[in-house]
>>> print(open('run_16.csv').read())   # CSV, C-alpha atoms
chain,number,residue,atom,x,y,z
A,1184,MET,CA,50.3,29.5,12.4
A,1185,HIS,CA,51.3,25.9,12.8
A,1186,ILE,CA,48.8,23.5,11.3
A,1187,VAL,CA,48.6,20.4,13.4
A,1188,ASP,CA,48.5,16.7,12.5
A,1189,GLY,CA,45.2,15.5,11.3
A,1190,ALA,CA,43.9,18.9,9.9
A,1191,LEU,CA,44.9,18.4,6.3
A,1192,SER,CA,44.1,15.8,3.7
A,1193,THR,CA,46.7,13.4,2.4
A,1194,PRO,CA,47.2,15.0,-1.1
A,1195,VAL,CA,47.9,18.4,0.5
A,1196,LEU,CA,50.4,16.8,2.8
A,1197,VAL,CA,52.2,15.0,0.0
A,1198,ALA,CA,52.3,18.1,-2.2
A,1199,GLY,CA,53.5,20.2,0.7
A,1200,ALA,CA,56.3,17.7,1.5
A,1201,ALA,CA,57.4,17.6,-2.1
A,1202,LEU,CA,57.5,21.4,-2.4
A,1203,ALA,CA,59.4,21.7,0.9
A,1204,ILE,CA,62.0,19.1,-0.2
A,1205,ALA,CA,62.5,20.9,-3.5
A,1206,GLY,CA,62.8,24.3,-1.7
A,1207,VAL,CA,65.2,23.0,0.9
A,1208,GLY,CA,67.4,21.4,-1.8
A,1209,TYR,CA,67.4,24.6,-3.8
A,1210,GLY,CA,68.1,26.7,-0.8
A,1211,LEU,CA,71.0,24.5,0.2
A,1212,LYS,CA,72.5,24.8,-3.3
A,1213,LYS,CA,72.0,28.5,-3.4
A,1214,MET,CA,73.7,29.0,0.0
A,1215,PRO,CA,77.1,30.7,-0.1
A,1216,THR,CA,79.4,29.6,2.8
A,1217,GLU,CA,79.5,33.1,4.3
A,1218,LYS,CA,75.8,33.0,4.7
A,1219,ILE,CA,75.6,29.8,6.8
A,1220,PRO,CA,76.2,31.4,10.2
A,1221,ALA,CA,73.6,34.1,9.5
A,1222,ALA,CA,71.2,31.3,8.5
A,1223,GLY,CA,71.9,29.6,11.8
A,1224,VAL,CA,71.2,32.7,13.8
A,1225,LEU,CA,67.9,33.4,12.0
A,1226,SER,CA,66.9,29.8,12.3
A,1227,ALA,CA,67.5,30.0,16.1
A,1228,ALA,CA,65.6,33.3,16.2
A,1229,PHE,CA,62.6,31.8,14.4
A,1230,PHE,CA,62.8,28.7,16.7
A,1231,VAL,CA,62.4,30.9,19.8
A,1232,ALA,CA,60.1,33.5,18.3
A,1233,SER,CA,57.2,31.1,18.4
A,1234,LEU,CA,57.3,31.1,22.1
A,1235,VAL,CA,56.7,34.8,22.2
A,1236,HIS,CA,52.9,35.3,22.5
A,1237,VAL,CA,50.7,38.2,21.9
A,1238,PRO,CA,47.2,37.9,23.4
A,1239,ILE,CA,44.4,38.7,20.9
A,1240,GLY,CA,40.9,38.6,22.4
A,1241,PRO,CA,40.1,35.1,23.5
A,1242,SER,CA,43.1,33.5,21.9
A,1243,SER,CA,46.7,34.5,21.2
A,1244,VAL,CA,49.1,34.5,18.3
A,1245,HIS,CA,52.9,34.3,18.3
A,1246,LEU,CA,55.7,36.0,16.5
A,1247,ILE,CA,57.0,34.4,13.3
A,1248,LEU,CA,59.9,36.5,12.0
A,1249,ASN,CA,59.8,34.8,8.6
A,1250,GLY,CA,60.0,38.2,6.8
A,1251,LEU,CA,63.3,39.0,8.5
A,1252,ALA,CA,64.7,35.6,7.6
A,1253,GLY,CA,63.6,36.0,4.0
A,1254,LEU,CA,65.1,39.5,3.7
A,1255,VAL,CA,68.5,38.5,4.9
A,1256,LEU,CA,68.7,34.9,3.5
A,1257,GLY,CA,66.7,34.7,0.4
A,1258,TRP,CA,66.3,31.1,-0.8
A,1259,ALA,CA,68.6,30.0,2.1
A,1260,ALA,CA,65.7,30.9,4.4
A,1261,VAL,CA,63.9,27.6,3.3
A,1262,PRO,CA,66.4,25.2,4.9
A,1263,ALA,CA,66.9,27.5,7.9
A,1264,LEU,CA,63.1,27.7,8.6
A,1265,PHE,CA,62.8,24.0,7.9
A,1266,VAL,CA,65.3,23.1,10.6
A,1267,ALA,CA,63.6,25.4,13.1
A,1268,LEU,CA,60.2,24.0,12.3
A,1269,LEU,CA,61.4,20.4,12.7
A,1270,LEU,CA,62.9,21.2,16.1
A,1271,GLN,CA,59.7,23.0,17.2
A,1272,ALA,CA,57.7,19.9,16.2
A,1273,VAL,CA,60.0,17.6,18.1
A,1274,PHE,CA,60.6,19.7,21.2
A,1275,PHE,CA,57.4,21.7,21.7
A,1276,GLY,CA,54.9,19.6,19.7
A,1277,PHE,CA,54.1,22.7,17.5
A,1278,GLY,CA,52.5,21.4,14.3
A,1279,GLY,CA,53.7,17.8,13.7
A,1280,LEU,CA,55.9,15.7,11.6
A,1281,THR,CA,53.4,14.8,8.9
A,1282,VAL,CA,52.5,18.5,8.3
A,1283,LEU,CA,56.1,19.6,8.5
A,1284,GLY,CA,56.3,20.0,4.7
A,1285,VAL,CA,53.1,22.1,4.5
A,1286,ASN,CA,54.2,24.3,7.4
A,1287,THR,CA,57.6,24.8,5.8
A,1288,VAL,CA,56.0,25.9,2.5
A,1289,ASN,CA,53.5,28.1,4.3
A,1290,ILE,CA,56.2,30.0,6.2
A,1291,ALA,CA,59.2,29.8,3.9
A,1292,LEU,CA,57.5,30.6,0.6
A,1293,PRO,CA,56.4,34.1,1.8
A,1294,ALA,CA,59.9,34.7,3.1
A,1295,VAL,CA,61.3,34.0,-0.4
A,1296,ALA,CA,58.6,36.2,-2.0
A,1297,VAL,CA,59.5,39.1,0.4
A,1298,TYR,CA,63.2,38.6,-0.5
A,1299,TYR,CA,62.4,39.3,-4.2
A,1300,LEU,CA,59.8,42.1,-3.5
A,1301,CYS,CA,61.5,44.1,-0.7
A,1302,ARG,CA,65.1,43.3,-0.8
A,1303,PRO,CA,66.0,45.6,-3.7
A,1304,GLY,CA,64.5,48.5,-1.8
A,1305,ILE,CA,66.5,47.7,1.3
A,1306,VAL,CA,69.8,47.5,-0.5
A,1307,ARG,CA,69.3,50.8,-2.4
A,1308,ALA,CA,67.4,53.1,0.0
A,1309,SER,CA,68.8,55.2,2.8
A,1310,PRO,CA,68.7,53.5,6.3
A,1311,ARG,CA,65.4,55.2,7.0
A,1312,GLY,CA,63.9,54.1,3.7
A,1313,ALA,CA,65.4,50.6,4.2
A,1314,ALA,CA,63.6,50.4,7.6
A,1315,LEU,CA,60.3,51.2,5.8
A,1316,TRP,CA,61.0,48.5,3.2
A,1317,GLY,CA,61.9,46.1,6.0
A,1318,ALA,CA,58.6,46.9,7.9
A,1319,ALA,CA,56.6,46.3,4.7
A,1320,GLY,CA,58.5,43.0,4.2
A,1321,GLY,CA,57.8,41.9,7.7
A,1322,ALA,CA,54.1,42.6,7.4
A,1323,LEU,CA,53.8,41.2,3.9
A,1324,ALA,CA,55.4,37.9,4.9
A,1325,ILE,CA,52.8,37.3,7.6
A,1326,ALA,CA,49.9,38.3,5.3
A,1327,LEU,CA,51.2,35.8,2.6
A,1328,THR,CA,51.6,33.1,5.3
A,1329,THR,CA,48.0,33.5,6.4
A,1330,LEU,CA,46.9,33.2,2.8
A,1331,CYS,CA,49.0,30.0,2.4
A,1332,VAL,CA,47.5,28.6,5.6
A,1333,GLY,CA,44.0,29.4,4.4
A,1334,LEU,CA,44.7,27.8,1.1
A,1335,ALA,CA,46.1,24.6,2.7
A,1336,LEU,CA,42.9,24.4,4.8
A,1337,ALA,CA,40.7,25.1,1.8
A,1338,LEU,CA,42.3,22.4,-0.3
A,1339,SER,CA,41.6,20.0,2.6
A,1340,GLY,CA,37.9,20.8,2.4
A,1341,GLU,CA,37.4,23.9,4.6
A,1342,GLU,CA,35.7,26.8,2.9
A,1343,PHE,CA,38.5,29.1,1.7
A,1344,ILE,CA,37.1,32.5,2.4
A,1345,PRO,CA,36.0,32.0,6.0
A,1346,ALA,CA,39.1,30.0,6.8
A,1347,ALA,CA,41.5,32.4,5.3
A,1348,LYS,CA,39.6,35.4,6.7
A,1349,LEU,CA,39.8,34.0,10.3
A,1350,VAL,CA,43.5,33.4,10.1
A,1351,PHE,CA,44.1,36.7,8.4
A,1352,LEU,CA,42.1,38.8,10.9
A,1353,THR,CA,43.7,37.2,14.0
A,1354,HIS,CA,47.1,37.9,12.6
A,1355,ILE,CA,46.7,41.6,11.9
A,1356,PRO,CA,48.2,42.6,15.2
A,1357,ILE,CA,51.1,40.3,14.6
A,1358,MET,CA,51.6,42.0,11.2
A,1359,ALA,CA,52.0,45.3,12.9
A,1360,ILE,CA,54.4,43.9,15.5
A,1361,GLU,CA,56.5,42.1,13.0
A,1362,ALA,CA,56.6,45.2,10.8
A,1363,LEU,CA,57.9,47.1,13.8
A,1364,ILE,CA,60.5,44.5,14.7
A,1365,THR,CA,61.7,43.8,11.1
A,1366,GLY,CA,61.9,47.5,10.4
A,1367,ALA,CA,63.9,48.1,13.6
A,1368,ALA,CA,66.2,45.2,12.9
A,1369,VAL,CA,66.8,46.3,9.3
A,1370,TYR,CA,67.4,49.9,10.4
A,1371,LEU,CA,69.9,48.8,13.1
A,1372,ALA,CA,71.7,46.5,10.6
A,1373,ARG,CA,71.9,49.2,8.0
A,1374,ARG,CA,73.3,51.7,10.5
A,1375,VAL,CA,75.7,49.4,12.4
A,1376,LYS,CA,76.6,46.8,9.7
A,1377,PRO,CA,75.6,48.0,6.3
A,1378,GLU,CA,77.4,45.2,4.6
A,1379,LEU,CA,75.0,42.6,6.1
A,1380,PHE,CA,72.7,43.2,3.1
A,1381,ALA,CA,75.5,44.2,0.7
A,1382,THR,CA,77.8,41.1,1.2
A,1383,PHE,CA,74.9,38.8,0.5
A,1384,ALA,CA,74.0,40.5,-2.7
A,1385,ALA,CA,73.9,38.7,-6.0
A,1386,PRO,CA,77.7,38.5,-6.9
A,1387,ALA,CA,78.5,36.5,-3.7
A,1388,MET,CA,75.8,34.1,-4.5
A,1389,GLY,CA,76.9,33.5,-8.1
A,1390,SER,CA,80.6,33.0,-7.2
A,1391,LEU,CA,79.9,29.9,-5.1
A,1392,THR,CA,77.4,28.0,-7.1
A,1393,PRO,CA,79.2,25.1,-8.8
B,970,MET,CA,81.3,37.3,9.3
B,971,LYS,CA,81.5,36.9,13.0
B,972,THR,CA,80.6,40.5,13.6
B,973,THR,CA,77.8,40.3,11.1
B,974,ALA,CA,76.2,37.4,13.0
B,975,ALA,CA,76.8,39.2,16.3
B,976,THR,CA,75.1,42.3,14.9
B,977,LEU,CA,72.1,40.2,13.8
B,978,LEU,CA,71.9,38.6,17.2
B,979,LEU,CA,72.0,42.0,18.9
B,980,ALA,CA,69.3,43.3,16.6
B,981,LEU,CA,67.1,40.3,17.4
B,982,VAL,CA,67.8,40.6,21.2
B,983,LEU,CA,66.8,44.3,21.1
B,984,ALA,CA,63.7,43.4,19.1
B,985,GLY,CA,62.9,40.6,21.5
B,986,GLY,CA,63.2,42.9,24.5
B,987,THR,CA,59.7,44.1,23.9
B,988,ALA,CA,58.5,40.5,23.9
B,989,LEU,CA,55.9,39.1,26.3
B,990,PRO,CA,56.4,36.1,28.5
B,991,ALA,CA,56.8,32.8,26.6
B,992,LEU,CA,53.8,30.5,26.3
B,993,ALA,CA,53.0,27.8,23.9
B,994,HIS,CA,50.0,28.1,21.6
B,995,LYS,CA,48.7,24.7,20.7
B,996,VAL,CA,45.6,22.7,21.4
B,997,VAL,CA,45.4,20.7,24.6
B,998,ALA,CA,42.6,18.3,25.4
B,999,GLY,CA,41.9,15.7,28.0
B,1000,ALA,CA,39.0,13.3,28.7
B,1001,TYR,CA,38.3,10.9,31.6
B,1002,ALA,CA,35.5,8.9,33.1
B,1003,ALA,CA,33.4,10.5,35.7
B,1004,GLY,CA,30.5,8.4,37.0
B,1005,ASP,CA,28.5,7.0,34.2
B,1006,HIS,CA,29.6,9.6,31.7
B,1007,ILE,CA,32.9,11.0,30.3
B,1008,GLU,CA,34.1,14.5,31.1
B,1009,GLY,CA,36.6,16.3,29.1
B,1010,GLU,CA,38.0,19.7,28.3
B,1011,ILE,CA,39.5,21.4,25.3
B,1012,GLY,CA,41.5,24.6,25.3
B,1013,PHE,CA,44.7,26.2,24.2
B,1014,SER,CA,48.0,25.8,26.0
B,1015,ASP,CA,48.1,29.5,26.9
B,1016,GLY,CA,45.2,28.9,29.3
B,1017,THR,CA,42.2,30.0,27.2
B,1018,MET,CA,39.5,27.4,26.8
B,1019,ALA,CA,37.6,26.5,23.7
B,1020,GLY,CA,34.1,27.5,24.4
B,1021,ASN,CA,31.0,26.4,22.4
B,1022,ALA,CA,33.0,24.1,20.1
B,1023,LEU,CA,31.5,21.1,18.4
B,1024,VAL,CA,33.0,17.8,19.6
B,1025,GLU,CA,32.5,14.8,17.5
B,1026,VAL,CA,32.7,11.4,19.0
B,1027,LEU,CA,34.1,8.8,16.7
B,1028,ALA,CA,34.6,5.0,16.8
B,1029,GLU,CA,38.0,3.5,16.0
B,1030,ASP,CA,37.0,3.0,12.4
B,1031,GLY,CA,36.1,6.7,12.0
B,1032,SER,CA,32.3,6.2,12.1
B,1033,LYS,CA,30.4,8.8,14.1
B,1034,LEU,CA,28.9,7.7,17.4
B,1035,GLY,CA,27.5,11.1,18.5
B,1036,GLU,CA,28.4,14.6,19.2
B,1037,THR,CA,28.4,17.1,22.0
B,1038,ARG,CA,29.3,20.8,22.5
B,1039,THR,CA,31.7,22.4,24.9
B,1040,ALA,CA,30.4,24.9,27.5
B,1041,GLN,CA,31.9,28.3,27.8
B,1042,ASP,CA,34.7,27.0,30.0
B,1043,GLY,CA,35.7,24.4,27.4
B,1044,THR,CA,34.4,21.4,29.3
B,1045,PHE,CA,32.2,18.8,27.7
B,1046,THR,CA,30.4,15.6,28.8
B,1047,PHE,CA,29.4,12.5,26.8
B,1048,THR,CA,27.6,9.4,27.9
B,1049,PRO,CA,28.9,6.4,26.1
B,1050,THR,CA,26.6,3.5,25.3
B,1051,ARG,CA,29.0,0.7,24.7
B,1052,ARG,CA,32.5,-0.3,25.7
B,1053,ALA,CA,34.8,0.5,22.8
B,1054,VAL,CA,37.5,2.8,21.8
B,1055,LEU,CA,36.2,6.4,21.7
B,1056,ILE,CA,37.9,9.2,19.9
B,1057,PHE,CA,36.9,12.8,20.7
B,1058,HIS,CA,37.6,15.1,17.8
B,1059,ALA,CA,37.1,18.9,17.7
B,1060,ASP,CA,38.1,21.2,14.9
B,1061,LEU,CA,38.7,24.7,16.3
B,1062,GLY,CA,39.5,26.3,13.0
B,1063,SER,CA,42.7,27.8,11.6
B,1064,GLY,CA,44.3,24.3,11.5
B,1065,HIS,CA,43.7,23.7,15.2
B,1066,VAL,CA,42.4,20.2,15.8
B,1067,ALA,CA,42.0,18.5,19.1
B,1068,GLU,CA,41.8,14.7,19.4
B,1069,VAL,CA,41.6,12.6,22.5
B,1070,ARG,CA,41.5,8.8,22.4
B,1071,LEU,CA,40.0,6.8,25.2
B,1072,GLU,CA,40.7,3.1,25.5
B,1073,PRO,CA,37.9,0.7,26.6
B,1074,SER,CA,39.7,0.3,30.0
B,1075,GLU,CA,39.4,4.0,30.6
B,1076,LEU,CA,35.7,4.1,30.1
B,1077,PRO,CA,33.2,4.4,33.1
B,1078,ALA,CA,33.2,1.3,35.3
B,1079,SER,CA,29.4,1.3,35.2
B,1080,LEU,CA,29.5,0.3,31.6
B,1081,ALA,CA,31.0,-3.1,32.5
B,1082,ALA,CA,28.3,-3.6,35.1
B,1083,ALA,CA,25.7,-2.9,32.5
B,1084,GLY,CA,27.3,-5.5,30.3
B,1085,ALA,CA,26.9,-8.2,33.0
B,1086,GLY,CA,23.2,-7.3,33.3
B,1087,GLY,CA,22.5,-9.4,30.3
B,1088,SER,CA,22.9,-6.8,27.5
B,1089,ALA,CA,26.5,-7.6,26.9
B,1090,THR,CA,27.5,-6.5,23.5
B,1091,ALA,CA,30.2,-7.8,21.2
B,1092,ALA,CA,32.3,-4.8,22.2
B,1093,ALA,CA,32.3,-5.8,25.9
B,1094,GLY,CA,35.7,-7.6,26.1
B,1095,PRO,CA,37.0,-10.2,28.5
B,1096,ALA,CA,37.9,-7.4,31.0
B,1097,ALA,CA,34.2,-6.6,31.4
B,1098,THR,CA,33.0,-10.1,32.0
B,1099,GLU,CA,35.8,-10.6,34.5
B,1100,ALA,CA,34.8,-7.6,36.4
B,1101,ALA,CA,31.2,-8.7,36.4
B,1102,ALA,CA,32.1,-12.2,37.7
B,1103,GLY,CA,34.1,-10.6,40.6
B,1104,GLY,CA,31.3,-8.3,41.4
B,1105,SER,CA,28.7,-11.1,41.8
B,1106,GLU,CA,30.8,-12.9,44.4
B,1107,THR,CA,30.3,-10.0,46.9
B,1108,ALA,CA,27.2,-9.8,49.0
B,1109,ALA,CA,24.7,-8.1,46.7
B,1110,ALA,CA,22.7,-6.5,49.5
B,1111,ALA,CA,25.6,-4.8,51.2
B,1112,LEU,CA,26.6,-3.5,47.8
B,1113,ARG,CA,23.2,-1.9,47.2
B,1114,VAL,CA,23.4,0.0,50.5
B,1115,THR,CA,26.7,1.5,49.8
B,1116,ASP,CA,26.0,2.3,46.1
B,1117,ALA,CA,24.7,5.9,46.8
B,1118,GLN,CA,27.5,6.5,49.3
B,1119,ARG,CA,30.1,5.2,46.9
B,1120,ALA,CA,28.8,7.5,44.1
B,1121,ALA,CA,28.9,10.5,46.4
B,1122,LEU,CA,32.4,9.6,47.5
B,1123,ALA,CA,33.6,9.2,43.9
B,1124,GLU,CA,32.0,12.5,43.0
B,1125,ALA,CA,33.9,14.2,45.9
B,1126,VAL,CA,37.2,12.6,44.9
B,1127,ARG,CA,36.7,13.7,41.3
B,1128,ASN,CA,36.1,17.3,42.4
B,1129,GLU,CA,39.2,17.2,44.5
B,1130,VAL,CA,41.3,15.7,41.7
B,1131,ARG,CA,40.0,18.0,38.9
B,1132,PRO,CA,42.3,20.9,39.6
B,1133,LEU,CA,45.2,18.5,39.7
B,1134,ARG,CA,44.3,17.1,36.3
B,1135,ARG,CA,44.3,20.6,34.9
B,1136,GLU,CA,47.6,21.4,36.5
B,1137,ILE,CA,49.1,18.2,35.0
B,1138,ILE,CA,47.9,19.0,31.6
B,1139,ALA,CA,49.3,22.5,31.9
B,1140,LEU,CA,52.5,21.1,33.2
B,1141,LYS,CA,52.9,18.7,30.3
B,1142,GLU,CA,52.5,21.6,27.8
B,1143,ARG,CA,55.1,23.8,29.5
B,1144,ASN,CA,58.2,24.5,27.5
B,1145,ASP,CA,61.0,24.4,29.9
B,1146,MET,CA,64.3,26.1,29.5
B,1147,GLN,CA,66.0,22.8,28.8
B,1148,SER,CA,64.1,22.0,25.6
B,1149,ILE,CA,64.6,25.6,24.4
B,1150,LEU,CA,68.3,25.5,25.1
B,1151,GLY,CA,68.4,22.0,23.6
B,1152,GLY,CA,66.8,23.2,20.4
B,1153,LEU,CA,69.1,26.1,20.1
B,1154,GLY,CA,72.0,23.7,20.7
B,1155,TYR,CA,70.8,21.5,17.9
B,1156,ILE,CA,70.5,24.5,15.5
B,1157,ALA,CA,74.0,25.7,16.4
B,1158,GLY,CA,75.4,22.2,15.9
B,1159,LEU,CA,73.6,21.5,12.6
B,1160,PHE,CA,74.6,24.8,11.1
B,1161,GLY,CA,78.1,24.4,12.4
B,1162,LEU,CA,78.4,21.1,10.7
B,1163,TRP,CA,77.0,22.5,7.5
B,1164,PHE,CA,79.4,25.4,7.7
B,1165,PHE,CA,82.3,23.0,8.2
B,1166,LEU,CA,81.3,20.7,5.3
B,1167,SER,CA,80.8,23.7,3.0
B,1168,ALA,CA,84.1,25.3,4.0
B,1169,ARG,CA,86.0,22.0,3.5
B,1170,ARG,CA,84.4,21.5,0.1
B,1171,GLN,CA,85.5,25.0,-0.8
B,1172,GLY,CA,89.1,24.3,0.4
B,1173,GLN,CA,89.3,21.1,-1.7
B,1174,LYS,CA,88.1,23.0,-4.8
B,1175,LYS,CA,90.8,25.6,-4.2
B,1176,ALA,CA,93.4,22.9,-3.8
B,1177,GLN,CA,92.5,21.3,-7.0
B,1178,GLY,CA,92.3,24.5,-9.0
>>> encode(input="run_16.csv", output="structure tokens")
Amino acid sequence: MHIVDGALSTPVLVAGAALAIAGVGYGLKKMPTEKIPAAGVLSAAFFVASLVHVPIGPSSVHLILNGLAGLVLGWAAVPALFVALLLQAVFFGFGGLTVLGVNTVNIALPAVAVYYLCRPGIVRASPRGAALWGAAGGALAIALTTLCVGLALALSGEEFIPAAKLVFLTHIPIMAIEALITGAAVYLARRVKPELFATFAAPAMGSLTP
Amino acid sequence: MKTTAATLLLALVLAGGTALPALAHKVVAGAYAAGDHIEGEIGFSDGTMAGNALVEVLAEDGSKLGETRTAQDGTFTFTPTRRAVLIFHADLGSGHVAEVRLEPSELPASLAAAGAGGSATAAAGPAATEAAAGGSETAAAALRVTDAQRAALAEAVRNEVRPLRREIIALKERNDMQSILGGLGYIAGLFGLWFFLSARRQGQKKAQG
């Protein structure tokens, strides 16, 4: 899922960096103070999730958990995921510093999309329904991420359809696993701590933006 | 808020309970001189090798010198023709790119000898001529006798060292507990600082208002 240094053309890198900076800035502005610890926890979870590997045929793919981050954090997921990606690049050599912007966009943009698409269902539905919405969000985030990766590779000269198809197909098992994990996490949170999703709803967000 | 974060953490730990052992997934590649050619291997850091992948050999300025393919076990060989920087570049798809750079000093020693034979190219640096001068001092006949033996010896040593090289590459790619904990520490610190700044700003606003 992490594109490495040298795989993309310069215009794509610059565009990705610009989008990532804008997203991080907007996410920081949108972040209510109460949400910051949750952002830290999810950032840490994402940081570690990449070390969890699922073997697929000759290769293997790793967990991403960007759907869960998006569902809980909304726009605040962008800075949270950015920090985790930066530290992954520095500590583990995943991706690289020049592609950091593109990787941030590839992973955080689907998180934000899932926030808008699946979050209303989670807040409104019963815990069981919320789990289903969460599962859908977890899988959708990965699907969108593979599309973004395919697009970034395509813009750098690779054929879009084969490139995107390969990334998409190898990530189908991860989609299933992430759906399970995100659904379970949402179900648990709704059962044990229903206000996790309620406190971060729209009013709290509006009250703190200057 | 504390309980919320704790709940989240608990949910994640429960979710992570089903997880498999931690391994990194990135491209690892190495190349080294072996006799008169260069041997290398390309694979993923989880232990799988990149079989049947196209490896392009580039000069320092990006121009193509040749290409080769990896075998099923991810190894490839290439015979360089002149002493210059070589860059091995393989695109494994999905944004996985392997690149290994070999400096002239890391190229096969026989290349330098070839340079002394009269066909010294512009690329053969001062190091090559120096080595050739040193070589001509020794008794030529004695050298010729041991040439075959020396090659056999070098081959044996290479075979002995190959697993070690692999182990070193694997070791380099291992993510130890220290860097994981270090990363988590950075995240906790950064978000703590951010929380502090945000809370202070809120307090100031309240004091003014």
>>> atom_distance(input="run_16.csv", atom1="atom CA of Trp1258 of chain A", atom2="atom CA of Leu1196 of chain A")
21.7 Å
>>> closest_atom_pairs(input="run_16.csv", of="chain A", to="chain B", cutoff="6 Å", atoms="only C-alpha atoms", output="CSV")
residue,atom,partner,partner_atom,distance
A:Ile1186,CA,B:Gly1064,CA,4.6
A:Ala1190,CA,B:Gly1064,CA,5.6
A:Ile1219,CA,B:Phe1164,CA,5.9
A:Ala1221,CA,B:Ala974,CA,5.5
A:Gly1223,CA,B:Phe1160,CA,5.6
A:Ala1227,CA,B:Leu1153,CA,5.8
A:Leu1234,CA,B:Ala991,CA,4.8
A:Val1235,CA,B:Ala991,CA,4.8
A:Val1350,CA,B:Ser1063,CA,5.9
A:Ile1364,CA,B:Ala984,CA,5.6
A:Ala1368,CA,B:Ala980,CA,5.2
>>> atom_distance(input="run_16.csv", atom1="atom CA of Gly1279 of chain A", atom2="atom CA of Val1187 of chain A")
5.7 Å
>>> atom_distance(input="run_16.csv", atom1="atom CA of Phe1057 of chain B", atom2="atom CA of Phe1274 of chain A")
24.7 Å
>>> residues_around(input="run_16.csv", residues="Leu1027 of chain B", least_positions_apart="6", cutoff="8 Å", atoms="only C-alpha atoms", output="list in words")
Lys1033, Leu1034, Gly1035, Leu1055, Ile1056, Phe1057 and His1058 of chain B
>>> write_last_selection(input="run_16.csv", atoms="C-alpha atoms", output="JSON list (two decimals), in the coordinates of the input")
[["chain", "number", "residue", "atom", "x", "y", "z"],
["B", 1033, "LYS", "CA", 30.40, 8.80, 14.10],
["B", 1034, "LEU", "CA", 28.90, 7.70, 17.40],
["B", 1035, "GLY", "CA", 27.50, 11.10, 18.50],
["B", 1055, "LEU", "CA", 36.20, 6.40, 21.70],
["B", 1056, "ILE", "CA", 37.90, 9.20, 19.90],
["B", 1057, "PHE", "CA", 36.90, 12.80, 20.70],
["B", 1058, "HIS", "CA", 37.60, 15.10, 17.80]]
>>> closest_residue(input="run_16.csv", among="A:Ala1272, A:Val1332, A:Ala1314, A:Ala1322", to="Asn1289 of chain A", atoms="only C-alpha atoms")
A:Val1332
>>> closest_residue(input="run_16.csv", among="B:Gly1004, B:Gly1009, B:Gly1172, B:Pro1049", to="Arg1119 of chain B", atoms="only C-alpha atoms")
B:Gly1004
>>> closest_residue(input="run_16.csv", among="A:Ala1337, A:Leu1251, A:Ala1203, A:Val1288", to="Arg1302 of chain A", atoms="only C-alpha atoms")
A:Leu1251
>>> residues_near_point(input="run_16.csv", point="(44.3, 32.9, 3.6)", cutoff="8 Å", atoms="only C-alpha atoms", output="ChimeraX atom specification")
/A:1326-1334,1343-1344,1346-1348,1350-1351
>>> residues_around(input="run_16.csv", residues="Val1295 of chain A", least_positions_apart="4", cutoff="7 Å", atoms="only C-alpha atoms", output="list in words")
Gly1253, Gly1257, Trp1258, Ala1291 and Tyr1299 of chain A
